[in-house]
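S.K.: Below you'll find final_30.tsv; it's TSV, N, CA and C atoms.
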```tsv
chain	number	residue	atom	x	y	z
A	1	MET	N	0.85	-1.17	0.00
A	1	MET	CA	0.00	0.00	0.00
A	1	MET	C	0.90	1.24	0.00
A	2	THR	N	0.63	2.14	-0.89
A	2	THR	CA	1.45	3.33	-1.01
A	2	THR	C	1.04	4.39	0.01
A	3	ALA	N	1.84	5.42	0.09
A	3	ALA	CA	1.56	6.50	1.03
A	3	ALA	C	0.25	7.20	0.67
A	4	ILE	N	-0.02	7.34	-0.62
A	4	ILE	CA	-1.26	7.98	-1.05
A	4	ILE	C	-2.46	7.14	-0.62
A	5	ASP	N	-2.34	5.82	-0.75
A	5	ASP	CA	-3.42	4.93	-0.30
A	5	ASP	C	-3.66	5.08	1.20
A	6	LYS	N	-2.57	5.19	1.97
A	6	LYS	CA	-2.69	5.35	3.42
A	6	LYS	C	-3.38	6.68	3.76
A	7	ILE	N	-3.03	7.72	3.05
A	7	ILE	CA	-3.64	9.04	3.29
A	7	ILE	C	-5.13	8.99	2.93
A	8	GLN	N	-5.46	8.32	1.82
A	8	GLN	CA	-6.86	8.18	1.44
A	8	GLN	C	-7.64	7.37	2.47
A	9	ALA	N	-7.02	6.33	3.02
A	9	ALA	CA	-7.66	5.54	4.07
A	9	ALA	C	-7.93	6.39	5.30
A	10	LEU	N	-6.95	7.23	5.67
A	10	LEU	CA	-7.15	8.12	6.82
A	10	LEU	C	-8.24	9.15	6.54
A	11	ASP	N	-8.31	9.62	5.30
A	11	ASP	CA	-9.36	10.56	4.92
A	11	ASP	C	-10.73	9.90	5.04
A	12	HIS	N	-10.83	8.64	4.61
A	12	HIS	CA	-12.09	7.90	4.73
A	12	HIS	C	-12.47	7.73	6.21
A	13	ILE	N	-11.48	7.44	7.05
A	13	ILE	CA	-11.74	7.31	8.49
A	13	ILE	C	-12.25	8.63	9.06
A	14	GLU	N	-11.66	9.72	8.61
A	14	GLU	CA	-12.10	11.03	9.09
A	14	GLU	C	-13.54	11.31	8.69
A	15	ARG	N	-13.91	10.97	7.45
A	15	ARG	CA	-15.29	11.18	7.01
A	15	ARG	C	-16.25	10.30	7.81
A	16	GLU	N	-15.84	9.08	8.09
A	16	GLU	CA	-16.66	8.17	8.90
A	16	GLU	C	-16.82	8.70	10.32
A	17	LEU	N	-15.76	9.31	10.85
A	17	LEU	CA	-15.83	9.89	12.19
A	17	LEU	C	-16.79	11.08	12.21
A	18	ILE	N	-16.80	11.87	11.16
A	18	ILE	CA	-17.73	13.00	11.06
A	18	ILE	C	-19.16	12.48	11.02
A	19	LEU	N	-19.41	11.42	10.26
A	19	LEU	CA	-20.73	10.81	10.21
A	19	LEU	C	-21.14	10.30	11.59
A	20	CYS	N	-20.19	9.72	12.29
A	20	CYS	CA	-20.43	9.22	13.64
A	20	CYS	C	-20.87	10.35	14.57
A	21	LEU	N	-20.16	11.46	14.52
A	21	LEU	CA	-20.50	12.61	15.37
A	21	LEU	C	-21.84	13.21	14.98
A	22	GLN	N	-22.13	13.24	13.69
A	22	GLN	CA	-23.42	13.77	13.24
A	22	GLN	C	-24.57	12.89	13.74
A	23	SER	N	-24.37	11.58	13.70
A	23	SER	CA	-25.41	10.66	14.19
A	23	SER	C	-25.62	10.83	15.69
A	24	ALA	N	-24.53	10.99	16.43
A	24	ALA	CA	-24.65	11.19	17.87
A	24	ALA	C	-25.37	12.50	18.15
A	25	GLY	N	-25.04	13.54	17.41
A	25	GLY	CA	-25.71	14.84	17.58
A	25	GLY	C	-27.19	14.76	17.26
A	26	ALA	N	-27.53	14.04	16.19
A	26	ALA	CA	-28.94	13.89	15.82
A	26	ALA	C	-29.71	13.11	16.89
A	27	ALA	N	-29.09	12.07	17.44
A	27	ALA	CA	-29.74	11.30	18.51
A	27	ALA	C	-29.96	12.17	19.73
A	28	LEU	N	-28.97	12.97	20.09
A	28	LEU	CA	-29.12	13.86	21.25
A	28	LEU	C	-30.18	14.94	21.00
A	29	MET	N	-30.23	15.44	19.77
A	29	MET	CA	-31.26	16.44	19.42
A	29	MET	C	-32.65	15.83	19.55
A	30	GLU	N	-32.75	14.60	19.10
A	30	GLU	CA	-34.05	13.91	19.18
A	30	GLU	C	-34.45	13.70	20.64
A	31	LEU	N	-33.48	13.34	21.47
A	31	LEU	CA	-33.78	13.11	22.89
A	31	LEU	C	-34.11	14.40	23.63
A	32	SER	N	-33.62	15.53	23.11
A	32	SER	CA	-33.87	16.81	23.80
A	32	SER	C	-35.26	17.38	23.49
A	33	LYS	N	-35.92	16.81	22.52
A	33	LYS	CA	-37.27	17.28	22.18
A	33	LYS	C	-38.26	16.84	23.26
A	34	GLU	N	-39.35	17.61	23.34
A	34	GLU	CA	-40.40	17.24	24.30
A	34	GLU	C	-41.06	15.93	23.89
A	35	LYS	N	-41.37	15.80	22.61
A	35	LYS	CA	-41.97	14.57	22.10
A	35	LYS	C	-40.92	13.88	21.25
A	36	THR	N	-40.27	12.88	21.81
A	36	THR	CA	-39.22	12.18	21.07
A	36	THR	C	-39.81	11.03	20.28
A	37	SER	N	-39.20	10.80	19.17
A	37	SER	CA	-39.58	9.66	18.34
A	37	SER	C	-38.58	8.55	18.63
A	38	GLN	N	-39.12	7.47	19.17
A	38	GLN	CA	-38.24	6.36	19.54
A	38	GLN	C	-37.57	5.77	18.31
A	39	LYS	N	-38.29	5.70	17.21
A	39	LYS	CA	-37.73	5.13	15.98
A	39	LYS	C	-36.58	5.99	15.45
A	40	ALA	N	-36.76	7.30	15.44
A	40	ALA	CA	-35.71	8.20	14.96
A	40	ALA	C	-34.50	8.14	15.87
A	41	THR	N	-34.75	8.07	17.17
A	41	THR	CA	-33.65	7.99	18.13
A	41	THR	C	-32.86	6.70	17.94
A	42	GLU	N	-33.58	5.59	17.79
A	42	GLU	CA	-32.91	4.29	17.58
A	42	GLU	C	-32.14	4.26	16.27
A	43	THR	N	-32.70	4.85	15.25
A	43	THR	CA	-32.01	4.89	13.95
A	43	THR	C	-30.70	5.67	14.08
A	44	ASN	N	-30.77	6.82	14.74
A	44	ASN	CA	-29.55	7.64	14.92
A	44	ASN	C	-28.53	6.94	15.82
A	45	VAL	N	-28.99	6.29	16.87
A	45	VAL	CA	-28.08	5.58	17.77
A	45	VAL	C	-27.43	4.40	17.05
A	46	ASN	N	-28.23	3.66	16.27
A	46	ASN	CA	-27.68	2.53	15.51
A	46	ASN	C	-26.67	3.01	14.47
A	47	GLN	N	-26.97	4.13	13.81
A	47	GLN	CA	-26.02	4.69	12.84
A	47	GLN	C	-24.73	5.12	13.55
A	48	PHE	N	-24.87	5.72	14.73
A	48	PHE	CA	-23.71	6.13	15.53
A	48	PHE	C	-22.86	4.92	15.89
A	49	LEU	N	-23.48	3.85	16.39
A	49	LEU	CA	-22.74	2.66	16.79
A	49	LEU	C	-22.06	1.99	15.60
A	50	LYS	N	-22.76	1.95	14.47
A	50	LYS	CA	-22.17	1.36	13.25
A	50	LYS	C	-20.96	2.17	12.79
A	51	SER	N	-21.10	3.50	12.77
A	51	SER	CA	-19.99	4.36	12.36
A	51	SER	C	-18.82	4.26	13.33
A	52	LEU	N	-19.14	4.23	14.61
A	52	LEU	CA	-18.10	4.11	15.63
A	52	LEU	C	-17.33	2.81	15.49
A	53	ASN	N	-18.04	1.73	15.21
A	53	ASN	CA	-17.40	0.43	15.00
A	53	ASN	C	-16.49	0.46	13.78
A	54	ASN	N	-16.94	1.09	12.69
A	54	ASN	CA	-16.10	1.22	11.48
A	54	ASN	C	-14.84	2.03	11.76
A	55	VAL	N	-15.00	3.14	12.48
A	55	VAL	CA	-13.85	3.99	12.82
A	55	VAL	C	-12.86	3.21	13.66
A	56	GLU	N	-13.37	2.48	14.64
A	56	GLU	CA	-12.47	1.71	15.51
A	56	GLU	C	-11.72	0.64	14.72
A	57	THR	N	-12.41	-0.06	13.84
A	57	THR	CA	-11.78	-1.10	13.03
A	57	THR	C	-10.70	-0.52	12.13
A	58	LYS	N	-11.05	0.54	11.43
A	58	LYS	CA	-10.09	1.15	10.48
A	58	LYS	C	-8.89	1.76	11.20
A	59	LEU	N	-9.13	2.40	12.33
A	59	LEU	CA	-8.01	2.97	13.09
A	59	LEU	C	-7.11	1.86	13.64
A	60	SER	N	-7.69	0.76	14.05
A	60	SER	CA	-6.89	-0.38	14.53
A	60	SER	C	-6.01	-0.91	13.40
A	61	GLU	N	-6.54	-0.97	12.19
A	61	GLU	CA	-5.73	-1.40	11.05
A	61	GLU	C	-4.56	-0.45	10.82
A	62	GLN	N	-4.81	0.84	10.90
A	62	GLN	CA	-3.74	1.83	10.71
A	62	GLN	C	-2.69	1.71	11.81
A	63	ILE	N	-3.13	1.52	13.04
A	63	ILE	CA	-2.20	1.39	14.16
A	63	ILE	C	-1.36	0.13	14.01
A	64	ASN	N	-1.98	-0.96	13.60
A	64	ASN	CA	-1.24	-2.21	13.38
A	64	ASN	C	-0.19	-2.03	12.30
A	65	TYR	N	-0.55	-1.34	11.22
A	65	TYR	CA	0.42	-1.07	10.15
A	65	TYR	C	1.60	-0.26	10.69
A	66	LEU	N	1.29	0.78	11.47
A	66	LEU	CA	2.36	1.63	11.99
A	66	LEU	C	3.27	0.86	12.95
A	67	THR	N	2.73	-0.05	13.74
A	67	THR	CA	3.58	-0.84	14.63
A	67	THR	C	4.47	-1.78	13.85
A	68	GLN	N	4.01	-2.24	12.71
A	68	GLN	CA	4.84	-3.13	11.88
A	68	GLN	C	5.99	-2.40	11.23
A	69	VAL	N	5.76	-1.17	10.78
A	69	VAL	CA	6.82	-0.45	10.08
A	69	VAL	C	7.71	0.36	11.00
A	70	SER	N	7.35	0.48	12.27
A	70	SER	CA	8.16	1.28	13.19
A	70	SER	C	8.92	0.40	14.18
A	71	THR	N	9.45	-0.70	13.73
A	71	THR	CA	10.16	-1.62	14.62
A	71	THR	C	11.64	-1.28	14.74
A	72	GLY	N	12.06	-0.18	14.19
A	72	GLY	CA	13.47	0.20	14.26
A	72	GLY	C	14.24	-0.22	13.02
A	73	GLN	N	13.65	-1.07	12.21
A	73	GLN	CA	14.28	-1.48	10.97
A	73	GLN	C	14.00	-0.42	9.91
A	74	PRO	N	14.96	-0.21	9.03
A	74	PRO	CA	14.70	0.78	7.99
A	74	PRO	C	13.52	0.36	7.12
A	75	HIS	N	12.65	1.27	6.85
A	75	HIS	CA	11.47	1.01	6.04
A	75	HIS	C	11.79	1.35	4.59
A	76	GLU	N	11.17	0.64	3.68
A	76	GLU	CA	11.40	0.96	2.28
A	76	GLU	C	10.98	2.40	2.03
A	77	GLY	N	11.83	3.13	1.42
A	77	GLY	CA	11.53	4.53	1.18
A	77	GLY	C	11.87	5.44	2.34
A	78	SER	N	12.30	4.88	3.45
A	78	SER	CA	12.64	5.70	4.59
A	78	SER	C	14.13	6.06	4.52
A	79	GLY	N	14.44	7.31	4.72
A	79	GLY	CA	15.83	7.74	4.69
A	79	GLY	C	16.40	7.92	6.08
A	80	TYR	N	15.63	7.56	7.11
A	80	TYR	CA	16.07	7.78	8.49
A	80	TYR	C	17.36	7.03	8.80
A	81	ALA	N	17.42	5.73	8.44
A	81	ALA	CA	18.60	4.93	8.77
A	81	ALA	C	19.85	5.51	8.11
A	82	SER	N	19.74	5.88	6.86
A	82	SER	CA	20.88	6.46	6.14
A	82	SER	C	21.29	7.80	6.75
A	83	ALA	N	20.32	8.59	7.11
A	83	ALA	CA	20.62	9.89	7.72
A	83	ALA	C	21.31	9.69	9.07
A	84	LYS	N	20.88	8.70	9.82
A	84	LYS	CA	21.48	8.44	11.13
A	84	LYS	C	22.92	7.95	10.96
A	85	VAL	N	23.17	7.08	10.00
A	85	VAL	CA	24.53	6.61	9.74
A	85	VAL	C	25.42	7.77	9.34
A	86	LEU	N	24.92	8.65	8.48
A	86	LEU	CA	25.68	9.82	8.05
A	86	LEU	C	25.98	10.73	9.24
A	87	GLN	N	24.99	10.95	10.09
A	87	GLN	CA	25.19	11.81	11.25
A	87	GLN	C	26.26	11.23	12.18
A	88	MET	N	26.22	9.92	12.41
A	88	MET	CA	27.20	9.28	13.29
A	88	MET	C	28.60	9.36	12.67
A	89	ALA	N	28.71	9.16	11.36
A	89	ALA	CA	30.01	9.26	10.69
A	89	ALA	C	30.55	10.69	10.82
A	90	TRP	N	29.70	11.68	10.63
A	90	TRP	CA	30.11	13.08	10.76
A	90	TRP	C	30.61	13.36	12.18
A	91	HIS	N	29.91	12.81	13.16
A	91	HIS	CA	30.31	12.99	14.55
A	91	HIS	C	31.68	12.35	14.80
A	92	ARG	N	31.91	11.17	14.25
A	92	ARG	CA	33.21	10.50	14.43
A	92	ARG	C	34.32	11.30	13.77
A	93	ILE	N	34.06	11.87	12.59
A	93	ILE	CA	35.07	12.69	11.91
A	93	ILE	C	35.43	13.90	12.76
A	94	GLN	N	34.41	14.56	13.31
A	94	GLN	CA	34.67	15.73	14.15
A	94	GLN	C	35.47	15.35	15.39
A	95	HIS	N	35.19	14.19	15.96
A	95	HIS	CA	35.93	13.73	17.13
A	95	HIS	C	37.40	13.46	16.78
A	96	VAL	N	37.62	12.83	15.65
A	96	VAL	CA	38.99	12.53	15.21
A	96	VAL	C	39.75	13.84	14.96
A	97	LYS	N	39.10	14.80	14.32
A	97	LYS	CA	39.74	16.09	14.07
A	97	LYS	C	40.13	16.79	15.37
A	98	SER	N	39.22	16.78	16.35
A	98	SER	CA	39.55	17.44	17.61
A	98	SER	C	40.67	16.70	18.34
A	99	ARG	N	40.69	15.39	18.24
A	99	ARG	CA	41.76	14.60	18.89
A	99	ARG	C	43.10	14.87	18.22
A	100	ILE	N	43.12	14.97	16.90
A	100	ILE	CA	44.36	15.29	16.18
A	100	ILE	C	44.85	16.68	16.59
A	101	LYS	N	43.94	17.63	16.72
A	101	LYS	CA	44.32	18.98	17.13
A	101	LYS	C	44.95	18.95	18.53
A	102	GLU	N	44.36	18.17	19.45
A	102	GLU	CA	44.92	18.05	20.80
A	102	GLU	C	46.33	17.45	20.75
A	103	LEU	N	46.53	16.44	19.92
A	103	LEU	CA	47.84	15.81	19.81
A	103	LEU	C	48.87	16.76	19.20
A	104	GLU	N	48.45	17.57	18.23
A	104	GLU	CA	49.34	18.56	17.64
A	104	GLU	C	49.77	19.58	18.69
A	105	GLU	N	48.83	20.03	19.51
A	105	GLU	CA	49.16	20.98	20.57
A	105	GLU	C	50.11	20.37	21.58
A	106	CYS	N	49.89	19.12	21.92
A	106	CYS	CA	50.77	18.41	22.85
A	106	CYS	C	52.18	18.29	22.26
A	107	LYS	N	52.26	17.99	20.97
A	107	LYS	CA	53.55	17.87	20.28
A	107	LYS	C	54.29	19.20	20.30
A	108	MET	N	53.56	20.29	20.04
A	108	MET	CA	54.18	21.61	20.03
A	108	MET	C	54.70	21.98	21.42
A	109	ARG	N	53.95	21.66	22.46
A	109	ARG	CA	54.41	21.93	23.82
A	109	ARG	C	55.68	21.13	24.14
A	110	TYR	N	55.72	19.90	23.68
A	110	TYR	CA	56.88	19.04	23.90
A	110	TYR	C	58.10	19.61	23.18
A	111	ILE	N	57.91	20.03	21.94
A	111	ILE	CA	59.02	20.60	21.16
A	111	ILE	C	59.52	21.88	21.82
A	112	GLN	N	58.61	22.74	22.25
A	112	GLN	CA	59.02	23.98	22.91
A	112	GLN	C	59.74	23.71	24.22
A	113	ALA	N	59.27	22.72	24.96
A	113	ALA	CA	59.93	22.38	26.23
A	113	ALA	C	61.34	21.89	25.96
A	114	ASN	N	61.54	21.10	24.92
A	114	ASN	CA	62.88	20.61	24.57
A	114	ASN	C	63.79	21.75	24.12
A	115	ARG	N	63.24	22.73	23.39
A	115	ARG	CA	64.06	23.87	22.94
A	115	ARG	C	64.49	24.71	24.13
A	116	ILE	N	63.54	24.95	25.05
A	116	ILE	CA	63.88	25.73	26.24
A	116	ILE	C	64.94	25.01	27.06
A	117	GLN	N	64.74	23.70	27.21
A	117	GLN	CA	65.71	22.92	27.98
A	117	GLN	C	67.05	22.89	27.26
A	118	GLY	N	67.06	22.85	25.93
A	118	GLY	CA	68.29	22.85	25.15
A	118	GLY	C	69.04	24.16	25.26
A	119	ASN	N	68.35	25.27	25.38
A	119	ASN	CA	68.99	26.57	25.52
A	119	ASN	C	69.65	26.71	26.89
A	120	ARG	N	69.13	26.08	27.91
A	120	ARG	CA	69.70	26.17	29.26
A	120	ARG	C	70.95	25.32	29.38
A	121	VAL	N	70.99	24.24	28.69
A	121	VAL	CA	72.10	23.29	28.83
A	121	VAL	C	73.04	23.46	27.64
A	122	GLY	N	74.26	23.15	27.86
A	122	GLY	CA	75.25	23.24	26.78
A	122	GLY	C	74.99	22.20	25.71
A	123	PRO	N	75.69	22.32	24.55
A	123	PRO	CA	75.44	21.42	23.43
A	123	PRO	C	75.76	19.97	23.77
A	124	ASN	N	76.84	19.69	24.56
A	124	ASN	CA	77.19	18.30	24.90
A	124	ASN	C	76.19	17.70	25.87
A	125	GLN	N	75.68	18.49	26.77
A	125	GLN	CA	74.74	17.99	27.78
A	125	GLN	C	73.35	17.82	27.18
A	126	ASN	N	73.05	18.51	26.10
A	126	ASN	CA	71.74	18.44	25.48
A	126	ASN	C	71.41	17.03	25.01
A	127	ALA	N	72.38	16.32	24.43
A	127	ALA	CA	72.16	14.98	23.92
A	127	ALA	C	71.82	14.01	25.04
A	128	THR	N	72.55	14.10	26.17
A	128	THR	CA	72.29	13.18	27.28
A	128	THR	C	70.97	13.53	27.95
A	129	SER	N	70.61	14.82	28.06
A	129	SER	CA	69.36	15.16	28.71
A	129	SER	C	68.18	14.75	27.83
A	130	THR	N	68.31	14.84	26.51
A	130	THR	CA	67.25	14.41	25.61
A	130	THR	C	67.09	12.90	25.70
A	131	ALA	N	68.21	12.18	25.79
A	131	ALA	CA	68.15	10.74	25.91
A	131	ALA	C	67.47	10.34	27.21
A	132	SER	N	67.76	11.07	28.29
A	132	SER	CA	67.12	10.73	29.57
A	132	SER	C	65.64	11.04	29.55
A	133	VAL	N	65.22	12.06	28.80
A	133	VAL	CA	63.79	12.39	28.68
A	133	VAL	C	63.07	11.30	27.92
A	134	LEU	N	63.72	10.77	26.88
A	134	LEU	CA	63.08	9.74	26.07
A	134	LEU	C	62.99	8.42	26.81
A	135	LEU	N	63.91	8.15	27.74
A	135	LEU	CA	63.86	6.91	28.51
A	135	LEU	C	62.83	7.03	29.57
```
Please lay out the structure from this file as structure tokens.

M.R.:
Amino acid sequence: MTAIDKIQALDHIERELILCLQSAGAALMELSKEKTSQKATETNVNQFLKSLNNVETKLSEQINYLTQVSTGQPHEGSGYASAKVLQMAWHRIQHVKSRIKELEECKMRYIQANRIQGNRVGPNQNATSTASVLL
């Protein structure tokens, strides 16, 4: 069943619901009269109950359909799963970029610390102090 068919089914349910409300209103109008017609009241009540039963049946069918297609599995024609995968991939890329930036900053601090330490120590001592830092 296509989306247009589903929309048409919902439109039919809406029209049936309007008929149901009209029948209920007519039954109440008949009951509010001083001289009520039992036959007219029964006809309106029966029409109301019939319409109400149709609405309930059709709505139950729609709800059952929706529970079948909303199980978390991608639905044919649904782009949700693909969009979610794309969003998660984008998030992972952003995380990797921020982690690389943090590592670059850490590397620069390490290089600057070694340069400062190299300036304080003589050229011969620089090699041994760098070796001790690496160990």

S.K.: Rounded to one decimal place, report the atom C of Leu28 (chain A)-atom C of Gln47 (chain A) distance in Å.

M.R.: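 According to the coordinates, atom C of Leu28 (chain A) and atom C of Gln47 (chain A) are separated by 13.5 Å.
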
S.K.: Would you compute, for all listed atoms of region 50-53 of chain A, the axis-aligned bounding box grown by 5 Å on each side, and then report its centre and edge lengths in Å rounded to one decimal, as lines of an AutoDock Vina configuration file?

M.R.:
```
center_x = -19.6
center_y = 2.4
center_z = 14.0
size_x = 16.3
size_y = 13.9
size_z = 13.3
```

S.K.: Could you work out how far atom N of Thr41 (chain A) lies from atom C of Asp11 (chain A), giving the answer in Å with one decimal?

M.R.: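 Spanning atom C of Asp11 (chain A) to atom N of Thr41 (chain A) is a straight-line distance of 27.0 Å.
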
S.K.: Could you check the closest approach to Ala9 (chain A) for each of A:Lys39, A:Lys58, A:Lys50, A:Lys33 and tell me which residue wins, using all atoms listed in the file?

M.R.: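 Closest candidate: A:Lys58.
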
S.K.: Do you know which residues are at most 6 Å from Phe48 (chain A) counting all atoms listed in the file, after dropping those on the same chain fewer than 6 positions away, and could you put them as a ChimeraX atom specification?

M.R.: /A:20,23-24

S.K.: Give me the residues within 9 Å of region 59-73 of chain A as a PyMOL selection string, counting only C-alpha atoms and dropping any in the same chain fewer than 5 places off.

M.R.: chain A and resi 6+9-10+13+54+81

S.K.: Find the residue from A:Gly118, A:Val45, A:Thr57, A:Glu30 that sits nearest to Glu16 (chain A); use only C-alpha atoms when measuring.

M.R.: A:Thr57

S.K.: Rounded to one decimal in Å, what is the spacing between atom N of Gly25 (chain A) and CA of Gln8 (chain A)?

M.R.: 24.8 Å

S.K.: Which residues in region 51-127 of chain A does DSSP call alpha helix (DSSP H)? List them as an MDAnalysis selection string.

M.R.: chainID A and resid 51:69 80:120 123:127

S.K.: May I ask which of the residues A:Lys35, A:Lys107, A:Asn114, A:Leu17 is the closest one to Glu56 (chain A), counting only C-alpha atoms?

M.R.: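 Ranked by minimum distance to Glu56 (chain A), first place goes to A:Leu17.
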